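> Could you have a look at this structure, given as structure tokens, before my questions?
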Protein chains: 6
Amino acid sequence: MTKPSGMELSELVERYDDRLDTDAYADVDASANGLQVGPEEADVERVAFAVDAGRATIEDAVDADADALVVHHGLSWGGIERVTGTEYERIAPLVENDLALYVSHLPLDGHQELGNAAGIAELLDLDDRDPFGTVGGEYIGQRGRVDEPFESDELTTGLLSQLDTDGEDVRAMTFGPDEIEDIAIVTGSGVDWLEDAAAAGADALITGEGKQKAYHLARELEINVFLAGHYATETFGVRSLQELAEEWGLETTFIDHPTGL
Amino acid sequence: MTKPSGMELSELVERYDDRLDTDAYADVDASANGLQVGPEEADVERVAFAVDAGRATIEDAVDADADALVVHHGLSWGGIERVTGTEYERIAPLVENDLALYVSHLPLDGHQELGNAAGIAELLDLDDRDPFGTVGGEYIGQRGRVDEPFESDELTTGLLSQLDTDGEDVRAMTFGPDEIEDIAIVTGSGVDWLEDAAAAGADALITGEGKQKAYHLARELEINVFLAGHYATETFGVRSLQELAEEWGLETTFIDHPTGL
Amino acid sequence: MTKPSGMELSELVERYDDRLDTDAYADVDASANGLQVGPEEADVERVAFAVDAGRATIEDAVDADADALVVHHGLSWGGIERVTGTEYERIAPLVENDLALYVSHLPLDGHQELGNAAGIAELLDLDDRDPFGTVGGEYIGQRGRVDEPFESDELTTGLLSQLDTDGEDVRAMTFGPDEIEDIAIVTGSGVDWLEDAAAAGADALITGEGKQKAYHLARELEINVFLAGHYATETFGVRSLQELAEEWGLETTFIDHPTGL
Amino acid sequence: MTKPSGMELSELVERYDDRLDTDAYADVDASANGLQVGPEEADVERVAFAVDAGRATIEDAVDADADALVVHHGLSWGGIERVTGTEYERIAPLVENDLALYVSHLPLDGHQELGNAAGIAELLDLDDRDPFGTVGGEYIGQRGRVDEPFESDELTTGLLSQLDTDGEDVRAMTFGPDEIEDIAIVTGSGVDWLEDAAAAGADALITGEGKQKAYHLARELEINVFLAGHYATETFGVRSLQELAEEWGLETTFIDHPTGL
Amino acid sequence: MTKPSGMELSELVERYDDRLDTDAYADVDASANGLQVGPEEADVERVAFAVDAGRATIEDAVDADADALVVHHGLSWGGIERVTGTEYERIAPLVENDLALYVSHLPLDGHQELGNAAGIAELLDLDDRDPFGTVGGEYIGQRGRVDEPFESDELTTGLLSQLDTDGEDVRAMTFGPDEIEDIAIVTGSGVDWLEDAAAAGADALITGEGKQKAYHLARELEINVFLAGHYATETFGVRSLQELAEEWGLETTFIDHPTGL
Amino acid sequence: MTKPSGMELSELVERYDDRLDTDAYADVDASANGLQVGPEEADVERVAFAVDAGRATIEDAVDADADALVVHHGLSWGGIERVTGTEYERIAPLVENDLALYVSHLPLDGHQELGNAAGIAELLDLDDRDPFGTVGGEYIGQRGRVDEPFESDELTTGLLSQLDTDGEDVRAMTFGPDEIEDIAIVTGSGVDWLEDAAAAGADALITGEGKQKAYHLARELEINVFLAGHYATETFGVRSLQELAEEWGLETTFIDHPTGL
């Protein structure tokens, strides 16, 4: 039995950047997408995937003997001021264990096939899907219709059963139509796109975290909002990237570390 | 029986602005604090108090026959671009019913006696209280110590029993010391002050809403975080203003409209 | 006899926005063009037209029983910080009388057929008209030639006789050629385009208000300047919109409130 | 016969800068106040004074054989991009004739004894004078009271008879009290301080130029506005500087070039 | 014998602006490129060329009886705040001697035929030349290959023998390959493009001035850097413009004033 | 024999920050001064000192078995976008070898006793020393007088003999007085303070690197400029910090890596 061939780190980075159109998001995303931590040259045989680059997931990736960790939420948001404190405790194990960190934030939210919103749309079996919700002109979500309208309870139950909510509820603010057919999705923290969803004629917005201001706005816009958890709505993108890595012949592992948020 | 004497609206505004030091927050708060909607001259006999200036609370204030509505979250955050859509539906009933809107956002978060954080500190009977957490140099929270350390369960239960969480849980992320003695409070959406709380040596931060990034940060800073709800942690300030109004001889009513967020 | 059919407010707004290309000016005009005050749904049968959204014109529109008021100068210039003082006194009668406010500032200055500059060009019977003068790349004026050159006295007299100057003079600064053939027009406050007019080879710039700095600049650029009044040069655009409304079967009224400025 | 004593140019500049507190306005005025054009070393015997540094006034100063020209409106407003076109035609005669240019814009508007507003306050014999109107925290006007209230006609006539309006009218917008006792003054283009004047309780604002928006604002604030001309209201400051120069033993000449604006 | 025909100044300016694509650099270059000092109308018979618009070169141009001086480094970098001190001493002789100043900074660095980098590429006989190095999207350098690789000593000696270094050494930081084949050039102060050069695969960057930070960066990027002097690397562009002027029938003179920097 | 006592890293950082007034420079320096790389807790026994945090000096510090490296030029200038490429190659050996990085840029330039300019002033035995040269209001240099004036040759020779110029010349631009008595010092890249030095009446500015624009400016300001090398003028500050460390009982080593720039 032969061991998997592996790949140059730079090759892996280039493949992901191409597929995710990382460059298009360069000016609109605070996250430094692409390779965030890693040397010029390295071989990658095993890749770990996680939602967040916390110390816990980094240590799990080290334990899994991974050469690269691919995450949605990385370390550099507008530049790392100092490699001290919690930054040090995250970067040190990466460096000490030759573990490269690849990050894809908004490009992975918005990718219409591989992305987080696309993953939920797939789960709900939405048709007539279109890109939805923009930051600086780039898409970060998706929208579509179901054949058979949901009632809000059904949708809550469905999301709860299929998402990794870490025991937390899916919170529904059911201010919109009883029958939910047209659904907009912005994963993570998406209530800022509530007015866009209403203006577009959606019956509901599915997102992760809420914000206080969303309550009255949803009520007045007469739209349903489902808060299914930031973590729970954002595992899809990195899992898609995991599938790609497997297609490319790499060993992979998924590090599930739900936050309940 | 004589009816309550009432007060000029301008007099009420001036008293609140003085007590809350509204001017000090003029450059650091996006909210246009002070009188947000109302005529030059009006008499105020009855004042309604609420956390949010949503259409629902505005309509309740109209039903209560109030002359002024005092809230923590108003309508103008950096200017009202257009009086249309949901803005129209909020402003129209104010104007049509001669209901003035007074707003105090960060000044009411940070006031060391009347404020939201102060209210929770009072509830928990904190000693040695100090101002905590700043925006542009102005305080927005409070910090203090308890005589008898809490365990995290006790604190969760205590908050849950005393706050208006609308049936939602208080979510505890118990990454800090088992015995909680030194507590920092930033109500509403306060996890951005997590590092300040840890640097100050607090055992726990109590706030309202969470954000995904708070999970790993709290874990790595080894600090406890209690998410008790944005609404639930921010009723204290407006209730303090209600007490003041009563002292000043005005009729008052509190409009409780929890959001569960 | 049947009463006029009327129109949905949203339909009226959409028609005007389309004709005036409101979107193109979104980033270059401080004025929030389009619907500035009004509910989601309303019927419009009667429309009032005025240059300025002052309390006086708003009250006249109310007296005229109008459902919408269309103006060149609205209320929101970079956002309404507070609905208090003079803002309250303007917005309150709009809201209390179900009078919607539609605003078109630079789009109406620059429209090459319906606009203010186009109106004056029409009055002077200019040929070979071209767009003139830009803000952020969008046109705000017009330029053309006369068959028979004017002398400056003729032009002054002509403007005075045909414009609504409220008894004020048309002020001519006759530093350019005696025979005026090539005329640039930027209505309102247009002397900032004096150098553009000279560079383009115009013999004269017609505008509304002056500014002190224009005197020596005109003198040194050897160009004629005619200050015909801000109000007087800006009635054309709203009158064009009035004609459109009549074509669309609506009742209309023009509220003439010259300012003499 | 002894030749006039004269003075070092640098000495003259320093004296004016000291008296006018030029440094205090460095960050709030677009005008580069102080010496704008001139060599390191020069002797000054004769000084010309004018409101504007137009080519006409510069040429008159050359004809008057002046060594320095002191003006209110200079050439550098945020930097001279190129010394070409009209800039060249203004700067060339300065350089070719060893004529230095000293400029004082906002410092000369706001100086409480030497300034433009102070000059008009003196003319009207105002008592209880206070600084009025600010730009970035620095004063630019003055306010005071008259013993014997004016009627608006009297004030118009008085201003007209005493100011150099070049045959233009003083335009009065008489929306305020019939009896005018408390008067705010911001010379030049001062209608942006209309709300401050009303808030301060002034019965009238005297300024130079108008702007269209001032009409309805004055009407609604119920304040009188007198537009006495930008040039006409701004000769006082430079005349005060002329008096100083004479006290210092220099020959002086005033170049009167009214603009009628 | 007939004297040279001469040319309108405006014609000369237009020809240079066209050839150099001055407009394309308008928003990316602090230098006000094009005519910086000069009247609306003038005849040009003799043109002087220099790298810097210092007082010394301006005086030499005056002595040479030139009508225009064409330089790479002009006087206006984001606007001339005041025409005083050293600015006065540079502008006064221009004005007093009817000597116009034409400036081309980045357009002349980046022009692929006439420019500074192109001049050095020509000197080194580079093939396969491509534009290299950008500011705001506009090119400022050039890159190409040599048939026969240089050793670093050869290149140092070659540059030293052919450039006008005023007796200063060419400083080589030889951290790259021994054989230098692929060469990137950004004249003047170009070490900020070191990473671009390395990323593009160049064996060496040739530039003028160094900066301290370049040493370790070059060492770590393993690229050779040649510091041949800011002046010495930037005579090529103005000499190309001199050749053009001669083709156009103008008399020319080159003012060589090396700085050794 | 007892081993040296050592110190907590946090204690070392606090002592340096206090002595250097690091906080005062927080908003004026792009460099993130203070601890740039390092864990929350560590013991420091041996400290290395260098001018630049290049890979070479970092590796030398590792070889010297240092626990901390103190430098003038660090790694974070407005934030580290990515820990990749040369950044990775610098940060990795720090992290892998438990080597903390402490940085002091402008605070160490400007400190009036410990700083770089102070070191050169000491070398030249300057009297009547005053702070000189500011960035955002904070000092970065020093100025003083010598008893016995230098001739420029003497000063050149003196600097050359006492500074670590790596074989490079000290370049003198001798455009000022022959006798040099009043000397301003801004180490590193200080020619931007040439006009301040001249205005203050200095006979010479001593700095490190030059820039092309300095030549004509110095010539016209008639001031002498000595370019003694960026590296060579900036070893003093870190050597002062080394002395402090020794006083505090730590082992130290100086890593001399001149750049010749």
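Chain labels follow the order of the structure tokens: the first chain is A, the next B, and so on; residue numbering restarts at 1 in every chain, and ligands are counted from 1 in their shown order.
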Please run DSSP on the backbone and report, as a list in words, all residues within region 100-131 of chain A that come out as alpha helix (DSSP H).
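In region 100-131 of chain A, DSSP puts these residues in alpha helix (DSSP H): Leu106, Pro107, Leu108, Asp109, Gly110, Asn116, Ala117, Ala118, Gly119, Ile120, Ala121, Glu122 and Leu123 of chain A.
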> May I have the residues within 12 Å of Ala200 (chain E) as a VMD selection string, using only C-alpha atoms and disregarding those fewer than 3 positions away in the same chain?
chain E and resid 130 to 133 142 to 144 182 to 184 193 to 197 203 to 205 221 223
> Give me the residues within 9 Å of Arg145 (chain D) as a PyMOL selection string, counting only C-alpha atoms and dropping any in the same chain fewer than 4 places off.
chain D and resi 125-129+149+180-184+202
> Considering only C-alpha atoms, give me a table of residues in chain F that are at most 6 Å from chain A, with the closest atom pair and distance in Å for each, as JSON lines.

```
{"residue": "F:Gln36", "atom": "CA", "partner": "A:Arg82", "partner_atom": "CA", "distance": 4.9}
{"residue": "F:Val37", "atom": "CA", "partner": "A:Val83", "partner_atom": "CA", "distance": 4.5}
{"residue": "F:Gly38", "atom": "CA", "partner": "A:Thr84", "partner_atom": "CA", "distance": 5.2}
{"residue": "F:Pro39", "atom": "CA", "partner": "A:Thr84", "partner_atom": "CA", "distance": 5.6}
{"residue": "F:Glu40", "atom": "CA", "partner": "A:Gly85", "partner_atom": "CA", "distance": 5.5}
{"residue": "F:Gly79", "atom": "CA", "partner": "A:Glu81", "partner_atom": "CA", "distance": 4.3}
{"residue": "F:Ile80", "atom": "CA", "partner": "A:Ile80", "partner_atom": "CA", "distance": 4.8}
{"residue": "F:Glu81", "atom": "CA", "partner": "A:Gly79", "partner_atom": "CA", "distance": 4.2}
{"residue": "F:Arg82", "atom": "CA", "partner": "A:Gln36", "partner_atom": "CA", "distance": 4.9}
{"residue": "F:Val83", "atom": "CA", "partner": "A:Val37", "partner_atom": "CA", "distance": 4.5}
{"residue": "F:Thr84", "atom": "CA", "partner": "A:Gly38", "partner_atom": "CA", "distance": 5.2}
{"residue": "F:Gly85", "atom": "CA", "partner": "A:Glu40", "partner_atom": "CA", "distance": 5.5}
{"residue": "F:Tyr88", "atom": "CA", "partner": "A:Pro39", "partner_atom": "CA", "distance": 6.0}
{"residue": "F:Ala92", "atom": "CA", "partner": "A:Val95", "partner_atom": "CA", "distance": 5.9}
{"residue": "F:Val95", "atom": "CA", "partner": "A:Ala92", "partner_atom": "CA", "distance": 5.9}
{"residue": "F:Glu96", "atom": "CA", "partner": "A:Glu96", "partner_atom": "CA", "distance": 5.6}
```
> Using N, CA, C and O atoms, can you write the selected residues to a file as a PDB file, in the first residue's frame?

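In the end it all went to out36.pdb:
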```
ATOM      1  N   GLN F  36       6.664  42.792  21.015  1.00  0.00           N
ATOM      2  CA  GLN F  36       6.018  42.506  19.719  1.00  0.00           C
ATOM      3  C   GLN F  36       5.764  41.021  19.528  1.00  0.00           C
ATOM      4  O   GLN F  36       4.778  40.633  18.906  1.00  0.00           O
ATOM      5  N   VAL F  37       6.675  40.216  20.016  1.00  0.00           N
ATOM      6  CA  VAL F  37       6.490  38.769  19.919  1.00  0.00           C
ATOM      7  C   VAL F  37       6.893  38.150  21.254  1.00  0.00           C
ATOM      8  O   VAL F  37       7.993  38.431  21.747  1.00  0.00           O
ATOM      9  N   GLY F  38       6.000  37.358  21.819  1.00  0.00           N
ATOM     10  CA  GLY F  38       6.377  36.681  23.056  1.00  0.00           C
ATOM     11  C   GLY F  38       5.166  36.215  23.844  1.00  0.00           C
ATOM     12  O   GLY F  38       4.071  36.742  23.673  1.00  0.00           O
ATOM     13  N   PRO F  39       5.383  35.229  24.692  1.00  0.00           N
ATOM     14  CA  PRO F  39       4.276  34.657  25.463  1.00  0.00           C
ATOM     15  C   PRO F  39       3.938  35.528  26.674  1.00  0.00           C
ATOM     16  O   PRO F  39       4.658  36.474  26.998  1.00  0.00           O
ATOM     17  N   GLU F  40       2.820  35.200  27.288  1.00  0.00           N
ATOM     18  CA  GLU F  40       2.362  35.904  28.486  1.00  0.00           C
ATOM     19  C   GLU F  40       3.404  35.814  29.598  1.00  0.00           C
ATOM     20  O   GLU F  40       3.694  36.788  30.270  1.00  0.00           O
ATOM     21  N   GLY F  79       0.708  46.580  11.769  1.00  0.00           N
ATOM     22  CA  GLY F  79       0.073  45.260  11.739  1.00  0.00           C
ATOM     23  C   GLY F  79       0.726  44.317  10.747  1.00  0.00           C
ATOM     24  O   GLY F  79       1.087  44.714   9.644  1.00  0.00           O
ATOM     25  N   ILE F  80       0.838  43.059  11.166  1.00  0.00           N
ATOM     26  CA  ILE F  80       1.404  42.017  10.303  1.00  0.00           C
ATOM     27  C   ILE F  80       0.245  41.362   9.563  1.00  0.00           C
ATOM     28  O   ILE F  80      -0.582  40.679  10.153  1.00  0.00           O
ATOM     29  N   GLU F  81       0.164  41.619   8.282  1.00  0.00           N
ATOM     30  CA  GLU F  81      -0.961  41.122   7.478  1.00  0.00           C
ATOM     31  C   GLU F  81      -1.012  39.587   7.468  1.00  0.00           C
ATOM     32  O   GLU F  81      -2.049  38.987   7.692  1.00  0.00           O
ATOM     33  N   ARG F  82       0.119  38.968   7.239  1.00  0.00           N
ATOM     34  CA  ARG F  82       0.215  37.507   7.184  1.00  0.00           C
ATOM     35  C   ARG F  82       1.557  37.057   7.764  1.00  0.00           C
ATOM     36  O   ARG F  82       2.566  37.712   7.557  1.00  0.00           O
ATOM     37  N   VAL F  83       1.559  35.921   8.427  1.00  0.00           N
ATOM     38  CA  VAL F  83       2.808  35.320   8.911  1.00  0.00           C
ATOM     39  C   VAL F  83       3.277  34.335   7.848  1.00  0.00           C
ATOM     40  O   VAL F  83       3.149  33.112   7.987  1.00  0.00           O
ATOM     41  N   THR F  84       3.751  34.912   6.758  1.00  0.00           N
ATOM     42  CA  THR F  84       4.187  34.121   5.605  1.00  0.00           C
ATOM     43  C   THR F  84       5.456  34.760   5.054  1.00  0.00           C
ATOM     44  O   THR F  84       5.830  35.849   5.480  1.00  0.00           O
ATOM     45  N   GLY F  85       6.094  34.107   4.098  1.00  0.00           N
ATOM     46  CA  GLY F  85       7.268  34.678   3.433  1.00  0.00           C
ATOM     47  C   GLY F  85       8.336  35.098   4.431  1.00  0.00           C
ATOM     48  O   GLY F  85       8.649  34.365   5.373  1.00  0.00           O
ATOM     49  N   TYR F  88       7.369  35.039   8.066  1.00  0.00           N
ATOM     50  CA  TYR F  88       7.410  33.713   8.674  1.00  0.00           C
ATOM     51  C   TYR F  88       8.834  33.355   9.094  1.00  0.00           C
ATOM     52  O   TYR F  88       9.064  32.855  10.199  1.00  0.00           O
ATOM     53  N   ALA F  92       9.184  32.645  12.953  1.00  0.00           N
ATOM     54  CA  ALA F  92       9.334  31.230  13.320  1.00  0.00           C
ATOM     55  C   ALA F  92      10.504  30.990  14.278  1.00  0.00           C
ATOM     56  O   ALA F  92      10.316  30.371  15.325  1.00  0.00           O
ATOM     57  N   VAL F  95       9.637  32.168  17.800  1.00  0.00           N
ATOM     58  CA  VAL F  95       8.675  31.324  18.495  1.00  0.00           C
ATOM     59  C   VAL F  95       9.299  29.977  18.869  1.00  0.00           C
ATOM     60  O   VAL F  95       9.160  29.494  19.990  1.00  0.00           O
ATOM     61  N   GLU F  96      10.010  29.401  17.908  1.00  0.00           N
ATOM     62  CA  GLU F  96      10.561  28.053  18.126  1.00  0.00           C
ATOM     63  C   GLU F  96      11.638  28.026  19.200  1.00  0.00           C
ATOM     64  O   GLU F  96      11.933  26.987  19.776  1.00  0.00           O
TER      65      GLU F  96
END
```
> Thr22 (chain A): which residues within 12 Å, counting only C-alpha atoms, same-chain residues fewer than 5 positions away excluded, as a short mmCIF file (atom, residue, chain, number, x, y, z; two decimals) with C-alpha atoms, in the first residue's frame?

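Contents of part-v1.cif, as written:
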```
data_model
loop_
_atom_site.label_atom_id
_atom_site.label_comp_id
_atom_site.auth_asym_id
_atom_site.auth_seq_id
_atom_site.Cartn_x
_atom_site.Cartn_y
_atom_site.Cartn_z
CA VAL A 13 -3.13 27.49 -1.67
CA GLU A 14 -3.32 28.28 -5.35
CA ARG A 15 -6.03 25.69 -5.99
CA TYR A 16 -8.21 26.99 -3.15
CA ASP A 17 -7.65 30.63 -4.08
CA ASP A 27 -10.74 44.87 -0.73
CA VAL A 28 -14.07 44.02 0.89
CA ASP A 29 -13.10 41.58 3.62
CA SER A 31 -9.96 38.92 6.92
CA ALA A 32 -6.64 38.27 5.18
CA ASN A 33 -7.91 35.39 3.07
CA GLY A 34 -5.56 32.78 1.66
CA LEU A 35 -2.45 31.53 3.43
CA TYR A 102 -5.31 28.67 5.27
CA VAL A 103 -8.28 31.00 5.73
CA SER A 104 -11.38 31.71 3.66
CA HIS A 105 -13.93 34.03 5.19
CA LEU A 106 -16.33 35.94 2.89
CA PRO A 107 -15.24 34.05 -0.24
CA LEU A 108 -16.42 30.89 1.50
CA ASP A 109 -19.64 32.48 2.75
CA GLY A 110 -20.56 33.58 -0.72
CA HIS A 111 -19.38 30.78 -3.00
CA GLU A 138 -19.38 40.74 -3.63
#
```
> So how many Å separate CA of Thr134 (chain E) and CA of Asp21 (chain E), to one decimal?
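Spanning CA of Thr134 (chain E) to CA of Asp21 (chain E) is a straight-line distance of 15.0 Å.
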> What does the distance between CA of Ser10 (chain C) and CA of Arg46 (chain C) come to in Å, to one decimal place?
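Separation between CA of Ser10 (chain C) and CA of Arg46 (chain C): 14.5 Å.
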> Could you give me, as a list in words, the residues within 12 Å of Leu244 (chain E), counting only C-alpha atoms and dropping anything in the same chain fewer than 4 positions from it?
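Here the qualifying residues turn out to be Leu12, Arg15, Tyr16, Arg19, Leu20, Val47, Phe49, Val70, Glu113, Leu114, Gly237, Val238, Arg239, Ser240, Trp248, Gly249, Leu250, Glu251 and Thr252 of chain E.
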> Could those selected residues go to a file with N, CA, C and O atoms, as a compact mmCIF listing (two decimals), in the first residue's frame?

```txt
# COMPACT_ATOMS: atom_id res chain seq x y z
N LEU E 12 3.68 72.83 -26.78
CA LEU E 12 4.73 71.98 -26.21
C LEU E 12 4.17 71.14 -25.06
O LEU E 12 4.41 69.93 -24.96
N ARG E 15 1.92 68.40 -26.37
CA ARG E 15 2.68 67.29 -26.99
C ARG E 15 3.28 66.37 -25.94
O ARG E 15 3.19 65.15 -26.03
N TYR E 16 3.91 66.98 -24.92
CA TYR E 16 4.50 66.15 -23.87
C TYR E 16 3.42 65.39 -23.09
O TYR E 16 3.57 64.20 -22.81
N ARG E 19 2.29 62.42 -25.17
CA ARG E 19 3.28 61.35 -25.27
C ARG E 19 3.47 60.59 -23.96
O ARG E 19 3.70 59.40 -23.93
N LEU E 20 3.40 61.35 -22.86
CA LEU E 20 3.70 60.75 -21.55
C LEU E 20 2.45 60.22 -20.86
O LEU E 20 2.55 59.61 -19.79
N VAL E 47 14.74 75.23 -24.87
CA VAL E 47 14.27 74.47 -23.73
C VAL E 47 15.45 73.86 -22.99
O VAL E 47 16.32 73.26 -23.60
N PHE E 49 16.74 71.23 -19.89
CA PHE E 49 16.31 69.97 -19.29
C PHE E 49 17.18 69.67 -18.08
O PHE E 49 18.40 69.84 -18.14
N VAL E 70 12.34 71.77 -18.37
CA VAL E 70 11.63 70.50 -18.24
C VAL E 70 12.37 69.64 -17.23
O VAL E 70 13.56 69.39 -17.40
N GLU E 113 9.16 53.65 -23.27
CA GLU E 113 10.20 53.96 -24.26
C GLU E 113 11.06 55.15 -23.84
O GLU E 113 12.27 55.14 -24.00
N LEU E 114 10.37 56.19 -23.33
CA LEU E 114 11.08 57.43 -23.04
C LEU E 114 11.59 57.49 -21.62
O LEU E 114 12.39 58.36 -21.28
N GLY E 237 15.06 59.91 -18.59
CA GLY E 237 13.76 60.41 -19.02
C GLY E 237 13.85 61.81 -19.57
O GLY E 237 13.35 62.10 -20.67
N VAL E 238 14.48 62.70 -18.83
CA VAL E 238 14.55 64.08 -19.32
C VAL E 238 15.40 64.17 -20.60
O VAL E 238 15.13 64.99 -21.47
N ARG E 239 16.39 63.31 -20.70
CA ARG E 239 17.17 63.31 -21.95
C ARG E 239 16.30 62.84 -23.14
O ARG E 239 16.44 63.35 -24.25
N SER E 240 15.42 61.90 -22.89
CA SER E 240 14.50 61.49 -23.97
C SER E 240 13.61 62.65 -24.38
O SER E 240 13.33 62.85 -25.56
N TRP E 248 11.41 68.28 -32.69
CA TRP E 248 10.37 69.27 -32.98
C TRP E 248 10.96 70.62 -33.39
O TRP E 248 10.26 71.61 -33.49
N GLY E 249 12.26 70.67 -33.53
CA GLY E 249 12.89 71.88 -34.04
C GLY E 249 13.23 72.93 -33.00
O GLY E 249 13.48 74.09 -33.33
N LEU E 250 13.26 72.52 -31.73
CA LEU E 250 13.58 73.50 -30.69
C LEU E 250 15.05 73.41 -30.33
O LEU E 250 15.66 72.35 -30.45
N GLU E 251 15.61 74.52 -29.89
CA GLU E 251 16.96 74.50 -29.33
C GLU E 251 16.88 73.93 -27.93
O GLU E 251 15.94 74.21 -27.18
N THR E 252 17.90 73.15 -27.55
CA THR E 252 17.84 72.54 -26.22
C THR E 252 19.19 72.60 -25.53
O THR E 252 20.23 72.77 -26.17
```
